[in-house]
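First up is the structure itself, then whatever we jot down about it.
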Amino acid sequence: MRVLLVEDEKYLAKAVAEVLKKNHYSVDLAHDGEYGLDCVVSGIYDMIILDIMLPKIDGLSILKEIRAKGIEAPVILLTARGELEDKVQGLDLGADDYLAKPFHTEELLARLRALGRRKGELAPDGILSFGDIELAPHTLMLRKAETEIKLTLKETQLLELLIKNKNRIVGKDMIIEKIWGYEADADDNHVEAHISLLRKKLSTIEAASSIRTIRSAGYTLTEGKDTQ
C-alpha cells in the first residue's frame, strides 16, 4: 500500500516514515503543502497522512482541493492543536480520520489498517482498468480478456501511474519522482528502459491499449497503437 505523508516537521516525518516502511507500507514524503498537493493529484496513493499546519498551502486547503478534483484516497489529518474546530472542519471537507499530535505510531498504524479495510470494502479487488487491459497492482498481473502476464514491481507502478493519470501527460521527472523517489539515482534512461519493457508486455498479450510518446513532454496511455 502506497502512503503519502505531508508533514513539515522533517524529523517527525522521517521517524514516522521509517515505522511505516517497517510495517510494509511504501512511503513518499512532502514537507510543504504546495509539493504535497502536486503529489496527491498524481492519483497514485492509497492513503494520505496530512498535517493541517503546513507552509505554502495548509492541509485543509489541500483536502478541499483534492476532494473537489474527485480524488477519493482516504485522508488522516494531523493537528498539533487537537482543537474541535479543526476536526469538525476537516471531517466536513472529506477527511476520513484525524490524530492529534503527539500521537503513538501504534495508533496511526491501527487507523491506517482500519481505513485500508474500509477502502477494501469499496474496491475489493483493487483492479485498475483502461481500454482493453486490467491491472492488478497487488498481484503484479496485467490482463487482457483471458490472457495475462506478470509484471515487475516497477513496471506495475509505472502502468498504475499512467492509468491513474489517463487524461494527462506524465513526464519523465514525475515518473522518476513517484517510482524511484526524488533522492534516487534514476534518470531518463531508467524511465525509457521500463517504458520499453512495459510496451513489450502489452504487445505480448496483444493489447490494443498502448503507451504513446509525447515528444519533449512525456507519456500517456491511448486505446490505439502508438505511431510515434
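Residues in the C-alpha cells are numbered from 1 in each chain, the chains being A, B, ... in the order shown, and ligands are numbered from 1 in the order shown.
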Which residues in segment 6-199 of chain A does DSSP call alpha helix (DSSP H)? List them as an mmCIF file with C-alpha atoms, in the first residue's frame.
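That gives us selection-v6.cif:
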data_model
loop_
_atom_site.group_PDB
_atom_site.id
_atom_site.type_symbol
_atom_site.label_atom_id
_atom_site.label_comp_id
_atom_site.auth_asym_id
_atom_site.auth_seq_id
_atom_site.Cartn_x
_atom_site.Cartn_y
_atom_site.Cartn_z
ATOM 1 C CA LYS A 10 11.207 16.727 8.945
ATOM 2 C CA TYR A 11 12.432 14.752 11.977
ATOM 3 C CA LEU A 12 8.896 13.595 12.751
ATOM 4 C CA ALA A 13 8.198 12.812 9.097
ATOM 5 C CA LYS A 14 11.343 10.711 8.804
ATOM 6 C CA ALA A 15 10.610 8.828 12.035
ATOM 7 C CA VAL A 16 7.005 8.065 11.020
ATOM 8 C CA ALA A 17 8.122 7.020 7.536
ATOM 9 C CA GLU A 18 10.595 4.529 8.984
ATOM 10 C CA VAL A 19 7.877 2.952 11.134
ATOM 11 C CA LEU A 20 5.522 2.711 8.170
ATOM 12 C CA LYS A 21 8.194 1.140 5.979
ATOM 13 C CA LYS A 22 8.933 -1.471 8.650
ATOM 14 C CA GLY A 33 1.646 21.960 1.141
ATOM 15 C CA GLU A 34 2.425 23.015 -2.400
ATOM 16 C CA TYR A 35 4.556 19.952 -3.124
ATOM 17 C CA GLY A 36 2.131 17.782 -1.169
ATOM 18 C CA LEU A 37 -0.767 18.879 -3.385
ATOM 19 C CA ASP A 38 1.283 18.125 -6.511
ATOM 20 C CA CYS A 39 1.914 14.619 -5.171
ATOM 21 C CA VAL A 40 -1.689 13.951 -4.233
ATOM 22 C CA GLY A 59 -3.688 20.932 4.956
ATOM 23 C CA LEU A 60 -7.367 21.872 4.969
ATOM 24 C CA SER A 61 -6.960 23.759 1.682
ATOM 25 C CA ILE A 62 -5.246 20.713 0.183
ATOM 26 C CA LEU A 63 -8.053 18.477 1.388
ATOM 27 C CA LYS A 64 -10.701 20.768 -0.096
ATOM 28 C CA GLU A 65 -8.858 20.870 -3.429
ATOM 29 C CA ILE A 66 -8.344 17.134 -3.800
ATOM 30 C CA ARG A 67 -11.929 16.283 -2.897
ATOM 31 C CA ALA A 68 -13.092 18.850 -5.454
ATOM 32 C CA LEU A 84 -12.575 20.570 17.908
ATOM 33 C CA GLU A 85 -12.958 23.223 15.198
ATOM 34 C CA ASP A 86 -10.094 21.719 13.153
ATOM 35 C CA LYS A 87 -11.516 18.220 13.499
ATOM 36 C CA VAL A 88 -15.033 19.223 12.515
ATOM 37 C CA GLN A 89 -13.894 21.327 9.577
ATOM 38 C CA GLY A 90 -11.589 18.548 8.365
ATOM 39 C CA LEU A 91 -14.317 15.922 8.536
ATOM 40 C CA ASP A 92 -16.747 18.258 6.759
ATOM 41 C CA LEU A 93 -14.205 18.723 3.956
ATOM 42 C CA THR A 105 2.743 5.303 15.974
ATOM 43 C CA GLU A 106 0.811 2.199 17.029
ATOM 44 C CA GLU A 107 -2.379 4.250 16.920
ATOM 45 C CA LEU A 108 -1.516 5.637 13.485
ATOM 46 C CA LEU A 109 -0.905 2.096 12.197
ATOM 47 C CA ALA A 110 -4.259 0.980 13.617
ATOM 48 C CA ARG A 111 -6.025 3.891 11.894
ATOM 49 C CA LEU A 112 -4.328 3.028 8.589
ATOM 50 C CA ARG A 113 -5.346 -0.621 8.884
ATOM 51 C CA ALA A 114 -8.937 0.365 9.614
ATOM 52 C CA LEU A 115 -9.084 2.709 6.639
ATOM 53 C CA GLY A 116 -7.456 0.064 4.476
ATOM 54 C CA ARG A 117 -10.205 -2.392 5.366
ATOM 55 C CA ARG A 118 -12.850 0.236 4.689
ATOM 56 C CA LYS A 119 -11.254 1.079 1.341
ATOM 57 C CA GLY A 120 -11.116 -2.602 0.513
ATOM 58 C CA GLU A 121 -14.850 -2.913 1.062
ATOM 59 C CA LEU A 122 -15.405 -0.254 -1.571
ATOM 60 C CA LEU A 153 7.086 -4.122 -9.327
ATOM 61 C CA LYS A 154 8.463 -1.090 -11.199
ATOM 62 C CA GLU A 155 6.504 -1.954 -14.345
ATOM 63 C CA THR A 156 3.359 -2.269 -12.237
ATOM 64 C CA GLN A 157 3.969 1.075 -10.539
ATOM 65 C CA LEU A 158 4.633 2.714 -13.912
ATOM 66 C CA LEU A 159 1.464 1.369 -15.517
ATOM 67 C CA GLU A 160 -0.540 2.252 -12.402
ATOM 68 C CA LEU A 161 0.758 5.831 -12.628
ATOM 69 C CA LEU A 162 -0.213 6.052 -16.302
ATOM 70 C CA ILE A 163 -3.686 4.603 -15.726
ATOM 71 C CA LYS A 164 -4.415 6.923 -12.828
ATOM 72 C CA LYS A 172 9.860 11.642 -17.022
ATOM 73 C CA ASP A 173 10.621 13.765 -13.970
ATOM 74 C CA MET A 174 7.281 12.856 -12.442
ATOM 75 C CA ILE A 175 7.842 9.156 -13.165
ATOM 76 C CA ASP A 188 15.719 9.337 -18.107
ATOM 77 C CA ASN A 189 17.394 6.126 -19.258
ATOM 78 C CA HIS A 190 15.720 4.193 -16.443
ATOM 79 C CA VAL A 191 12.333 5.551 -17.494
ATOM 80 C CA GLU A 192 12.880 4.772 -21.177
ATOM 81 C CA ALA A 193 14.018 1.234 -20.391
ATOM 82 C CA HIS A 194 10.961 0.487 -18.265
ATOM 83 C CA ILE A 195 8.619 2.057 -20.831
ATOM 84 C CA SER A 196 10.178 -0.219 -23.475
ATOM 85 C CA LEU A 197 9.751 -3.323 -21.294
ATOM 86 C CA LEU A 198 6.169 -2.411 -20.479
ATOM 87 C CA ARG A 199 5.373 -1.882 -24.156
#
Residue list (strand (DSSP E or B), DSSP) for segment 3-102 of chain A, as an MDAnalysis selection string
chainID A and resid 3:6 26:30 47:51 75:79 97:100
Could you save the residues just selected, with C-alpha atoms, as a compact mmCIF listing (two decimals), in the first residue's frame?
# COMPACT_ATOMS: atom_id res chain seq x y z
CA VAL A 3 1.15 6.23 1.51
CA LEU A 4 1.88 9.93 1.13
CA LEU A 5 2.92 11.73 4.33
CA VAL A 6 2.67 15.53 4.12
CA SER A 26 5.58 2.27 0.65
CA VAL A 27 6.00 5.89 1.79
CA ASP A 28 6.64 9.19 0.00
CA LEU A 29 7.29 12.43 1.89
CA ALA A 30 6.32 16.02 1.20
CA MET A 47 -3.64 6.64 1.75
CA ILE A 48 -2.72 10.22 2.65
CA ILE A 49 -1.50 11.42 6.04
CA LEU A 50 -1.89 15.19 6.00
CA ASP A 51 -0.73 17.72 8.56
CA VAL A 75 -7.06 11.03 4.40
CA ILE A 76 -5.89 11.10 8.01
CA LEU A 77 -5.42 14.66 9.29
CA LEU A 78 -2.71 15.53 11.80
CA THR A 79 -3.11 18.55 14.03
CA ASP A 97 -9.96 10.32 10.33
CA TYR A 98 -7.72 12.54 12.45
CA LEU A 99 -4.94 12.30 15.02
CA ALA A 100 -3.81 15.00 17.43
I'd like the interatomic distance between atom CA of Gly218 of chain A and atom CA of Pro55 of chain A, to a tenth of an Å.
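Value for the atom CA of Gly218 of chain A-atom CA of Pro55 of chain A distance: 29.8 Å.
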Report the closest atom pair, with its distance in Å rounded to one decimal, for each residue of segment 200-225 of chain A that has an atom no farther than 9 Å from segment 133-137 of chain A; count only C-alpha atoms, sort by chain and then rising residue number, and write it as JSON lines.
{"residue": "A:Leu202", "atom": "CA", "partner": "A:Ile133", "partner_atom": "CA", "distance": 8.7}
{"residue": "A:Ala207", "atom": "CA", "partner": "A:Ile133", "partner_atom": "CA", "distance": 6.8}
{"residue": "A:Ala208", "atom": "CA", "partner": "A:Ile133", "partner_atom": "CA", "distance": 8.3}
{"residue": "A:Ser209", "atom": "CA", "partner": "A:Ile133", "partner_atom": "CA", "distance": 7.0}
Can you work out the spacing between atom CA of Gly131 of chain A and atom CA of Ala73 of chain A in Å, to one decimal?
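It comes out at 22.8 Å.
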In Å, how far is it from atom CA of Arg2 of chain A to atom CA of Ala217 of chain A?
25.8 Å
From the options A:Phe103, A:Trp180, A:Phe130, A:Tyr45, which residue's atoms come nearest to Tyr25 of chain A, counting only C-alpha atoms?
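Nearest to Tyr25 of chain A: A:Tyr45.
Shortest separation to Glu7 of chain A among A:Arg212, A:Lys56, A:His31, A:Gly224 occurs at residue A:His31, atoms counted being only C-alpha atoms.
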